[in-house]
Amino acid sequence: MSRPVEITTPGGLSLVYEQARALPLTDFVLVWRSGAVADGEHAGATRLLARLLRRGPRGLTPARVDETLSSLGARLSIVTARESVRVYGSVLARNTGAFLSLLGRLLCEPALRAKDLARERRRILGELSEEREDDGTLAERHHRAHMFGTHAYGRPIGGHEKSVRGVRRETLQTLHARHYRKGNLFFGISSPHPSAELVAQLDDAFAGAPSGKRALPRLQSLRHRPGRRVRIVQRSGRNQCQLAVGTLGAAKGDPARTALIVGDYAFGGLFSSPLVQEVRGARGWSYSAQSVLRLGQARESWTFWTHPQADRAAACAALELELMERLVACGPSAEDLQLAKRYLIGSRALDIDTAARRTELALEARYEGKPLDWPHGYEGRIRGVKRKAIQEAFERCIDPAAARITAVGDAKLLAQAFEKLPGVTHVEVVQP
């Protein structure tokens with residue numbers, strides 16, 4: 001199996017490359033240091049910018065962009081995350097140069113047309129309206145706001161109605177000029193073409209990108225706030241509720257990162273995990289139960305997601321808090337730990353079975369400031385995690401006494417029971 005290599009092009013671009021001869025395809029990924037955390041007061045601006053980039057550069061209509069991609073045998077998507085914008089593409093290998101040339105124009109010379117902005121704004125406002133009718137999406141949005149407050153992590157990636165309406169063309173131009181720089185672009189390419197050919201094509205396509213780099217805004221450090229607090233998002237007539245129970249977790253740079261990941265899977269990431277067995281298997285309170293550990297530039301979250309009946313929601317939350325306390329105090333059982341390790345190591349094959357996936361993993365490592373070969377130590381890092389290390393990591397990072405609980409459902413059926421939960425200091429009811 002070949003391995004990705006790192007190249008700095010003569011034009012100053014950072015490239016992770018692996019030659020892939022199995023198929024006549026070039027796979028492309030670009031990680032751009034930007035993301036929703038750069039929005040500031042204009043929540044949703046980066047997502048709007050990403051959509052307008054896809055609408056085409058100056059002198060090229062959206063329809064013409066789609067026609068050109070189709071003629072090249074290419075696909076292209078742009079995804080906005082909290083701390084990055086990611087561009088994914090695939091093209092017939094013989095058309096790699098033309099694809100990169102088009103991509104360079106899309107990203108370096110965005111038209112940001114007023115009519116395109118109006119169109120995408122209408123689409124996003126429509127999506128936000130639809131999200132208000134989806135209880136699961138409401139739970140995610142409100143739980144993040146409940147957990148992080150005014151912190152950048154508390155803002156929805158797509159913004160909210162008021163902020164999206166307030167984004168102007170000048171806002172997007174400023175955002176693009178501030179963060180679209182060569183030092184903020186991390187390229188990954190797997191292709192049958194030799195690296196020298198791709199380097200020349202890449203430099204030519206992105207020659208218009210300004211030099212230098214711009215760091216993301218420094219994110220406020222977060223600490224646990226004492227007392228368990230409950231937010232109920234009012235949805236009249238609901239007999240079932242979407243329930244989130246969580247606390248602050250850890251950042252990507254935490255030295256206990258691997259121990260936390262393994263501990264999360266051991267606790268609530270597998271069908272055999274204690275969270276699933278206790279909530280679903282033993283009591284039948286929720287068809288699904290899952291713990292989700294997120295890691296970011298700053299301290300992120302650890303959350304349990306279930307959807308019990310309204311009359312069981314408070315009891316379900318109480319059980320999850322007890323399970324959280326037990327994990328923090330004792331760590332996972334030896335059996336749960338072994339099952340989690342076996343799954344994480346066994347499923348790794350799906351992450352490295354193609355050159356495109358290996359390239360993306362190596363690119364992600366470089367984006368985080370880790371060595372290029374960081375992904376190759378994955379199995380050893382997982383095998384090396386001990387129960388004691390997991391318990392100590394969760395004890396240091398997780399505070400069950402400061403849990404934030406979010407329930408989407410009928411407050412008439414939920415509020416009184418949640419007020420009686422041990423340690424709850426505040427219950428609020430909000431509109432969706």
# chains A, B, ... in the order shown; residues from 1 in each chain; ligands from 1
>>> closest_atom_pairs(of="segment 71-159 of chain A", to="segment 15-33 of chain A", cutoff="12 Å", atoms="only C-alpha atoms", output="Markdown table")
| residue | atom | partner | partner_atom | distance |
| --- | --- | --- | --- | --- |
| A:Leu72 | CA | A:Leu25 | CA | 11.2 |
| A:Gly73 | CA | A:Leu25 | CA | 9.5 |
| A:Ala74 | CA | A:Thr26 | CA | 9.3 |
| A:Arg75 | CA | A:Asp27 | CA | 9.8 |
| A:Leu76 | CA | A:Phe28 | CA | 9.2 |
| A:Ser77 | CA | A:Val29 | CA | 9.7 |
| A:Ile78 | CA | A:Leu30 | CA | 9.3 |
| A:Val79 | CA | A:Val31 | CA | 9.8 |
| A:Thr80 | CA | A:Trp32 | CA | 9.7 |
| A:Ala81 | CA | A:Arg33 | CA | 10.2 |
| A:Arg82 | CA | A:Arg33 | CA | 10.1 |
| A:Glu83 | CA | A:Arg33 | CA | 6.8 |
| A:Ser84 | CA | A:Arg33 | CA | 5.0 |
| A:Val85 | CA | A:Trp32 | CA | 5.1 |
| A:Arg86 | CA | A:Val31 | CA | 4.7 |
| A:Val87 | CA | A:Leu30 | CA | 5.0 |
| A:Tyr88 | CA | A:Val29 | CA | 4.6 |
| A:Gly89 | CA | A:Phe28 | CA | 4.9 |
| A:Ser90 | CA | A:Asp27 | CA | 4.5 |
| A:Val91 | CA | A:Thr26 | CA | 5.4 |
| A:Leu92 | CA | A:Leu25 | CA | 4.7 |
| A:Ala93 | CA | A:Leu25 | CA | 4.5 |
| A:Arg94 | CA | A:Pro24 | CA | 7.7 |
| A:Asn95 | CA | A:Thr26 | CA | 8.7 |
| A:Thr96 | CA | A:Thr26 | CA | 6.6 |
| A:Gly97 | CA | A:Thr26 | CA | 10.1 |
| A:Ala98 | CA | A:Thr26 | CA | 11.8 |
| A:Phe99 | CA | A:Thr26 | CA | 9.7 |
| A:Leu100 | CA | A:Phe28 | CA | 9.2 |
| A:Leu103 | CA | A:Leu30 | CA | 10.5 |
| A:Gly104 | CA | A:Leu30 | CA | 11.3 |
| A:Leu107 | CA | A:Trp32 | CA | 10.6 |
>>> residues_around(residues="segment 203-207 of chain A", least_positions_apart="6", cutoff="8 Å", atoms="only C-alpha atoms", output="ChimeraX atom specification")
/A:9-11,13,100-105,108
>>> select_by_dssp(residues="segment 99-342 of chain A", states="helix (DSSP H, G or I)", output="VMD selection string")
chain A and resid 99 to 108 114 to 131 135 to 148 152 to 154 161 to 166 169 to 179 182 to 184 195 to 205 257 to 268 274 to 282 310 to 330 334 to 342
>>> select_by_dssp(residues="segment 180-327 of chain A", states="strand (DSSP E or B)", output="PyMOL selection string")
chain A and resi 185-191+228-234+240+242-248+250-251+289-293+295-296+301-306+309
>>> write_last_selection(atoms="C-alpha atoms", output="PDB file, in the first residue's frame")
ATOM      1  CA  LEU A 185      -5.289  26.381   1.939  1.00  0.00           C
ATOM      2  CA  PHE A 186      -4.429  22.698   2.470  1.00  0.00           C
ATOM      3  CA  PHE A 187      -4.751  20.533  -0.640  1.00  0.00           C
ATOM      4  CA  GLY A 188      -5.064  16.778  -0.892  1.00  0.00           C
ATOM      5  CA  ILE A 189      -4.937  14.957  -4.248  1.00  0.00           C
ATOM      6  CA  SER A 190      -4.876  11.277  -5.173  1.00  0.00           C
ATOM      7  CA  SER A 191      -4.410  10.689  -8.888  1.00  0.00           C
ATOM      8  CA  ARG A 228     -27.539  21.319  36.316  1.00  0.00           C
ATOM      9  CA  ARG A 229     -29.718  23.424  34.051  1.00  0.00           C
ATOM     10  CA  VAL A 230     -32.652  22.315  31.894  1.00  0.00           C
ATOM     11  CA  ARG A 231     -33.995  23.907  28.712  1.00  0.00           C
ATOM     12  CA  ILE A 232     -37.359  22.737  27.389  1.00  0.00           C
ATOM     13  CA  VAL A 233     -38.169  23.725  23.814  1.00  0.00           C
ATOM     14  CA  GLN A 234     -41.936  23.951  23.735  1.00  0.00           C
ATOM     15  CA  GLN A 240     -42.328  11.869  22.656  1.00  0.00           C
ATOM     16  CA  GLN A 242     -35.905  14.621  21.839  1.00  0.00           C
ATOM     17  CA  LEU A 243     -33.531  14.531  24.804  1.00  0.00           C
ATOM     18  CA  ALA A 244     -29.919  15.712  25.020  1.00  0.00           C
ATOM     19  CA  VAL A 245     -27.832  15.378  28.189  1.00  0.00           C
ATOM     20  CA  GLY A 246     -24.278  16.680  28.047  1.00  0.00           C
ATOM     21  CA  THR A 247     -21.367  18.597  29.465  1.00  0.00           C
ATOM     22  CA  LEU A 248     -18.317  20.375  28.166  1.00  0.00           C
ATOM     23  CA  ALA A 250     -12.222  18.538  25.494  1.00  0.00           C
ATOM     24  CA  ALA A 251     -10.295  20.205  22.675  1.00  0.00           C
ATOM     25  CA  ALA A 289     -29.251   5.897  22.398  1.00  0.00           C
ATOM     26  CA  GLN A 290     -25.860   7.298  21.564  1.00  0.00           C
ATOM     27  CA  SER A 291     -23.062   9.331  23.100  1.00  0.00           C
ATOM     28  CA  VAL A 292     -21.315  11.857  20.860  1.00  0.00           C
ATOM     29  CA  LEU A 293     -17.876  13.283  21.645  1.00  0.00           C
ATOM     30  CA  LEU A 295     -13.442  17.890  19.570  1.00  0.00           C
ATOM     31  CA  GLY A 296     -12.573  21.378  18.363  1.00  0.00           C
ATOM     32  CA  SER A 301     -18.988  18.873  24.098  1.00  0.00           C
ATOM     33  CA  TRP A 302     -19.898  15.343  25.159  1.00  0.00           C
ATOM     34  CA  THR A 303     -23.611  14.609  24.763  1.00  0.00           C
ATOM     35  CA  PHE A 304     -26.051  11.683  25.080  1.00  0.00           C
ATOM     36  CA  TRP A 305     -28.925  11.605  22.573  1.00  0.00           C
ATOM     37  CA  THR A 306     -32.161   9.690  23.190  1.00  0.00           C
ATOM     38  CA  GLN A 309     -41.754   9.099  25.703  1.00  0.00           C
TER      39      GLN A 309
END
>>> closest_residue(among="A:Arg144, A:Ala356, A:Ala411, A:Arg381", to="Ser2 of chain A", atoms="only C-alpha atoms")
A:Ala356
>>> closest_residue(among="A:Gly263, A:Gly227, A:Gly380, A:Gly284", to="Leu421 of chain A", atoms="only C-alpha atoms")
A:Gly227
